[in-house]
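Undergrad: Shown below is the structure under consideration.
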Amino acid sequence: MAARRTRRARLKAPESSYADAEGNVLTLRGSLTPASRRQYAETLAGNPLSREDAWQRAVELLFERLAVRWTIAGAPIERQRELLGRFRVASAAERESVRAAIREHCATHFPDLDAP
């Protein structure tokens with residue numbers, strides 16, 4: 001019975017929230033696996049002929065791995081598929097706000113990561 005309880009007691013990464021000027025709040029997790037870090041670096045390096053595409057894909061990958069919740073106009077989005085879908089249709093201002101939050105978050109939690 002004790003073994004069953006310890007299996008269920010999963011470690012949870014710390015979360016940090018970042019609010020934008022409109023009051024929307026993006027919550028990001030404070031952990032990133034070594035495999036995700038490698039995949040991010042490979043994606044960011046991308047094809048030298050398409051640096052912009054590689055950069056956009058890298059930003060999306062970080063968002064996908066780090067986003068826990070995004071509250072927009074008081075409505076929280078928490079499911080991974082919905083978070084990514086909402087990010088893909090975000091306005092230019094929303095995307096810039098997300099990138100700023102990710103940059104700040106990476107500087108605090110992952111200083112070795114080349115944030116977007």
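By order in the structure tokens, chains are A, B, ...; within a chain, residues start at 1; ligands start at 1, following the order shown.
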List the spatial neighbours of Ala101 (chain A) as a short mmCIF file (atom, residue, chain, number, x, y, z; two decimals) with N, CA, C and O atoms, in the first residue's frame - criterion: any atom at most 9 Å away, only C-alpha atoms, same-chain residues fewer than 5 positions off excluded.
TA:
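Written out: selection-v5.cif:
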```cif
data_model
loop_
_atom_site.label_atom_id
_atom_site.label_comp_id
_atom_site.auth_asym_id
_atom_site.auth_seq_id
_atom_site.Cartn_x
_atom_site.Cartn_y
_atom_site.Cartn_z
N SER A 17 3.95 32.95 -12.65
CA SER A 17 2.95 33.62 -13.47
C SER A 17 3.44 34.99 -13.91
O SER A 17 4.10 35.70 -13.15
N TYR A 18 3.08 35.35 -15.15
CA TYR A 18 3.50 36.61 -15.74
C TYR A 18 2.28 37.29 -16.34
O TYR A 18 1.60 36.72 -17.19
N ALA A 19 2.00 38.52 -15.89
CA ALA A 19 0.84 39.27 -16.37
C ALA A 19 1.29 40.26 -17.43
O ALA A 19 2.37 40.85 -17.34
N ASP A 20 0.44 40.47 -18.44
CA ASP A 20 0.74 41.48 -19.46
C ASP A 20 -0.05 42.76 -19.15
O ASP A 20 -0.78 42.83 -18.16
N LEU A 26 0.03 34.45 -17.98
CA LEU A 26 0.63 33.23 -18.50
C LEU A 26 1.40 32.57 -17.36
O LEU A 26 2.24 33.20 -16.73
N LEU A 28 3.93 29.56 -16.28
CA LEU A 28 4.94 28.68 -16.86
C LEU A 28 5.55 27.78 -15.79
O LEU A 28 5.72 28.21 -14.65
N GLU A 96 4.20 38.71 -28.61
CA GLU A 96 5.32 39.45 -28.02
C GLU A 96 5.27 39.36 -26.51
O GLU A 96 6.30 39.21 -25.85
N CYS A 106 13.00 32.19 -18.54
CA CYS A 106 14.25 31.47 -18.85
C CYS A 106 15.44 32.12 -18.15
O CYS A 106 16.33 31.41 -17.67
#
```
Undergrad: Fewer than 5 positions away in the same chain doesn't count, so skip those; otherwise give me all residues within 10 Å of Trp55 (chain A), counting only C-alpha atoms, as a short mmCIF file (atom, residue, chain, number, x, y, z; two decimals) with N, CA, C and O atoms, in the first residue's frame.
TA:
```cif
data_model
loop_
_atom_site.label_atom_id
_atom_site.label_comp_id
_atom_site.auth_asym_id
_atom_site.auth_seq_id
_atom_site.Cartn_x
_atom_site.Cartn_y
_atom_site.Cartn_z
N TYR A 40 14.98 21.80 -28.15
CA TYR A 40 14.88 23.24 -28.35
C TYR A 40 16.13 23.76 -29.06
O TYR A 40 16.03 24.51 -30.04
N THR A 43 16.11 22.67 -32.65
CA THR A 43 15.09 23.39 -33.41
C THR A 43 15.54 24.82 -33.68
O THR A 43 15.37 25.34 -34.78
N LEU A 44 16.12 25.46 -32.67
CA LEU A 44 16.58 26.84 -32.83
C LEU A 44 17.71 26.92 -33.85
O LEU A 44 17.76 27.87 -34.64
N ALA A 45 18.59 25.93 -33.86
CA ALA A 45 19.67 25.90 -34.85
C ALA A 45 19.09 25.77 -36.25
O ALA A 45 19.53 26.45 -37.18
N GLY A 46 18.11 24.90 -36.39
CA GLY A 46 17.34 24.75 -37.62
C GLY A 46 18.13 24.75 -38.91
O GLY A 46 19.32 24.49 -38.94
N SER A 50 16.53 28.96 -43.46
CA SER A 50 15.23 29.38 -42.94
C SER A 50 15.34 29.68 -41.44
O SER A 50 14.71 29.03 -40.62
N GLU A 60 7.59 28.24 -30.29
CA GLU A 60 6.42 27.39 -30.10
C GLU A 60 6.76 26.17 -29.24
O GLU A 60 5.99 25.78 -28.36
N LEU A 61 7.92 25.58 -29.47
CA LEU A 61 8.34 24.42 -28.69
C LEU A 61 8.49 24.79 -27.21
O LEU A 61 8.01 24.07 -26.33
N PRO A 116 14.30 32.95 -26.70
CA PRO A 116 13.90 33.69 -27.91
C PRO A 116 13.76 35.19 -27.66
O PRO A 116 13.41 35.62 -26.64
#
```
Undergrad: To one decimal in Å, tell me the separation between CA of Gln39 (chain A) and CA of Ala58 (chain A).
TA: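 Between CA of Gln39 (chain A) and CA of Ala58 (chain A) the gap works out to 8.8 Å.
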Undergrad: Can you tell me how far CA of Glu22 (chain A) sits from CA of Phe110 (chain A), in Å to one decimal?
TA: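 Result for CA of Glu22 (chain A) versus CA of Phe110 (chain A): 26.5 Å, one decimal.
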Undergrad: For Arg57 (chain A), which residue among A:Ser97, A:Ile102, A:Val89, A:Ala41 is the nearest when counting only C-alpha atoms?
TA: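 Selected residue with least distance to Arg57 (chain A): A:Ala41.
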Undergrad: My list of candidates is A:Ala93, A:Val59, A:Leu83, A:Leu32. Which is closest to Glu15 (chain A) when distances are computed with only C-alpha atoms?
TA: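 That would be A:Leu32, the residue with the smallest distance to Glu15 (chain A).
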Undergrad: Mind giving me the straight-line distance from CA of Leu11 (chain A) to CA of Phe63 (chain A) in Å, one decimal?
TA: 20.9 Å
Undergrad: As number ranges by chain, which residues of region 1-114 of chain A does DSSP assign to strand (DSSP E)?
TA: A: 15-19, 25-29, 67-72, 75-77
Undergrad: Write a file of the selected residues as a compact mmCIF listing (two decimals), in the first residue's frame, keeping all heavy atoms.
TA:
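In the end it all went to again31.txt:
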```txt
# COMPACT_ATOMS: atom_id res chain seq x y z
N GLU A 15 5.73 26.75 -10.38
CA GLU A 15 5.13 27.54 -11.45
C GLU A 15 5.32 29.02 -11.17
O GLU A 15 5.34 29.44 -10.02
CB GLU A 15 3.62 27.23 -11.55
CG GLU A 15 3.32 25.80 -11.90
CD GLU A 15 1.84 25.47 -11.87
OE1 GLU A 15 1.02 26.34 -11.51
OE2 GLU A 15 1.50 24.33 -12.22
N SER A 16 5.47 29.79 -12.24
CA SER A 16 5.59 31.24 -12.14
C SER A 16 4.58 31.86 -13.09
O SER A 16 4.38 31.37 -14.20
CB SER A 16 6.99 31.70 -12.54
OG SER A 16 7.96 31.08 -11.72
N SER A 17 3.95 32.95 -12.65
CA SER A 17 2.95 33.62 -13.47
C SER A 17 3.44 34.99 -13.91
O SER A 17 4.10 35.70 -13.15
CB SER A 17 1.64 33.76 -12.69
OG SER A 17 1.10 32.49 -12.43
N TYR A 18 3.08 35.35 -15.15
CA TYR A 18 3.50 36.61 -15.74
C TYR A 18 2.28 37.29 -16.34
O TYR A 18 1.60 36.72 -17.19
CB TYR A 18 4.55 36.36 -16.84
CG TYR A 18 5.75 35.62 -16.31
CD1 TYR A 18 5.78 34.23 -16.28
CD2 TYR A 18 6.84 36.32 -15.81
CE1 TYR A 18 6.87 33.54 -15.77
CE2 TYR A 18 7.93 35.64 -15.30
CZ TYR A 18 7.94 34.25 -15.27
OH TYR A 18 9.02 33.58 -14.76
N ALA A 19 2.00 38.52 -15.89
CA ALA A 19 0.84 39.27 -16.37
C ALA A 19 1.29 40.26 -17.43
O ALA A 19 2.37 40.85 -17.34
CB ALA A 19 0.15 39.99 -15.22
N VAL A 25 -2.76 36.50 -17.94
CA VAL A 25 -1.71 35.89 -17.12
C VAL A 25 -1.27 34.57 -17.74
O VAL A 25 -2.09 33.68 -17.98
CB VAL A 25 -2.21 35.65 -15.68
CG1 VAL A 25 -1.12 35.00 -14.84
CG2 VAL A 25 -2.68 36.94 -15.05
N LEU A 26 0.03 34.45 -17.98
CA LEU A 26 0.63 33.23 -18.50
C LEU A 26 1.40 32.57 -17.36
O LEU A 26 2.24 33.20 -16.73
CB LEU A 26 1.59 33.55 -19.65
CG LEU A 26 2.33 32.38 -20.28
CD1 LEU A 26 1.35 31.38 -20.90
CD2 LEU A 26 3.32 32.87 -21.31
N THR A 27 1.08 31.30 -17.08
CA THR A 27 1.75 30.56 -16.03
C THR A 27 2.65 29.53 -16.67
O THR A 27 2.20 28.74 -17.51
CB THR A 27 0.72 29.88 -15.10
OG1 THR A 27 -0.15 30.89 -14.57
CG2 THR A 27 1.40 29.15 -13.96
N LEU A 28 3.93 29.56 -16.28
CA LEU A 28 4.94 28.68 -16.86
C LEU A 28 5.55 27.78 -15.79
O LEU A 28 5.72 28.21 -14.65
CB LEU A 28 6.05 29.52 -17.51
CG LEU A 28 5.61 30.49 -18.59
CD1 LEU A 28 6.77 31.39 -19.00
CD2 LEU A 28 5.06 29.74 -19.79
N ARG A 29 5.86 26.55 -16.18
CA ARG A 29 6.47 25.61 -15.23
C ARG A 29 7.97 25.89 -15.13
O ARG A 29 8.59 26.36 -16.07
CB ARG A 29 6.17 24.16 -15.60
CG ARG A 29 6.91 23.56 -16.73
CD ARG A 29 6.58 22.07 -16.97
NE ARG A 29 5.20 21.68 -16.83
CZ ARG A 29 4.27 21.79 -17.78
NH1 ARG A 29 4.59 22.26 -18.95
NH2 ARG A 29 3.04 21.43 -17.55
N ALA A 67 4.26 26.13 -20.87
CA ALA A 67 2.96 26.71 -20.51
C ALA A 67 2.11 25.73 -19.71
O ALA A 67 1.93 24.58 -20.09
CB ALA A 67 2.21 27.14 -21.76
N VAL A 68 1.61 26.21 -18.59
CA VAL A 68 0.73 25.44 -17.73
C VAL A 68 -0.69 25.98 -17.86
O VAL A 68 -1.66 25.22 -17.91
CB VAL A 68 1.18 25.54 -16.25
CG1 VAL A 68 0.19 24.85 -15.33
CG2 VAL A 68 2.57 24.98 -16.08
N ARG A 69 -0.79 27.30 -17.92
CA ARG A 69 -2.10 27.96 -17.96
C ARG A 69 -1.92 29.33 -18.60
O ARG A 69 -0.91 29.99 -18.42
CB ARG A 69 -2.61 28.12 -16.52
CG ARG A 69 -3.93 28.75 -16.33
CD ARG A 69 -4.33 28.83 -14.83
NE ARG A 69 -3.96 27.64 -14.04
CZ ARG A 69 -2.84 27.52 -13.31
NH1 ARG A 69 -1.98 28.51 -13.24
NH2 ARG A 69 -2.58 26.42 -12.64
N TRP A 70 -2.95 29.74 -19.34
CA TRP A 70 -2.96 31.08 -19.92
C TRP A 70 -4.35 31.62 -19.72
O TRP A 70 -5.32 31.11 -20.27
CB TRP A 70 -2.61 31.01 -21.40
CG TRP A 70 -2.27 32.31 -22.06
CD1 TRP A 70 -2.14 33.53 -21.48
CD2 TRP A 70 -2.02 32.51 -23.45
NE1 TRP A 70 -1.80 34.46 -22.41
CE2 TRP A 70 -1.73 33.86 -23.63
CE3 TRP A 70 -2.02 31.66 -24.55
CZ2 TRP A 70 -1.44 34.40 -24.88
CZ3 TRP A 70 -1.73 32.20 -25.79
CH2 TRP A 70 -1.44 33.55 -25.95
N THR A 71 -4.45 32.64 -18.88
CA THR A 71 -5.75 33.25 -18.59
C THR A 71 -5.87 34.51 -19.43
O THR A 71 -5.11 35.46 -19.26
CB THR A 71 -5.88 33.57 -17.09
OG1 THR A 71 -5.67 32.35 -16.36
CG2 THR A 71 -7.26 34.12 -16.77
N ILE A 72 -6.83 34.48 -20.35
CA ILE A 72 -7.05 35.60 -21.26
C ILE A 72 -8.46 36.13 -21.02
O ILE A 72 -9.43 35.36 -21.10
CB ILE A 72 -6.89 35.16 -22.73
CG1 ILE A 72 -5.49 34.58 -22.94
CG2 ILE A 72 -7.15 36.33 -23.69
CD1 ILE A 72 -5.29 33.89 -24.26
N ALA A 75 -10.64 34.14 -18.69
CA ALA A 75 -10.95 32.75 -19.02
C ALA A 75 -9.66 31.92 -19.07
O ALA A 75 -8.83 32.13 -19.96
CB ALA A 75 -11.68 32.67 -20.35
N PRO A 76 -9.48 31.00 -18.14
CA PRO A 76 -8.25 30.19 -18.13
C PRO A 76 -8.27 29.09 -19.19
O PRO A 76 -9.30 28.46 -19.42
CB PRO A 76 -8.23 29.60 -16.73
CG PRO A 76 -9.66 29.55 -16.30
CD PRO A 76 -10.34 30.70 -16.99
N ILE A 77 -7.13 28.89 -19.81
CA ILE A 77 -6.92 27.78 -20.74
C ILE A 77 -5.84 26.91 -20.10
O ILE A 77 -4.75 27.41 -19.81
CB ILE A 77 -6.45 28.29 -22.12
CG1 ILE A 77 -7.45 29.29 -22.70
CG2 ILE A 77 -6.23 27.12 -23.08
CD1 ILE A 77 -6.91 30.05 -23.90
```
Undergrad: Rank A:Glu104, A:Glu82, A:Glu94, A:Glu64 by their smallest atom-to-atom distance to Ser36 (chain A), using only C-alpha atoms, and report the top residue only.
TA: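 Closest candidate: A:Glu64.
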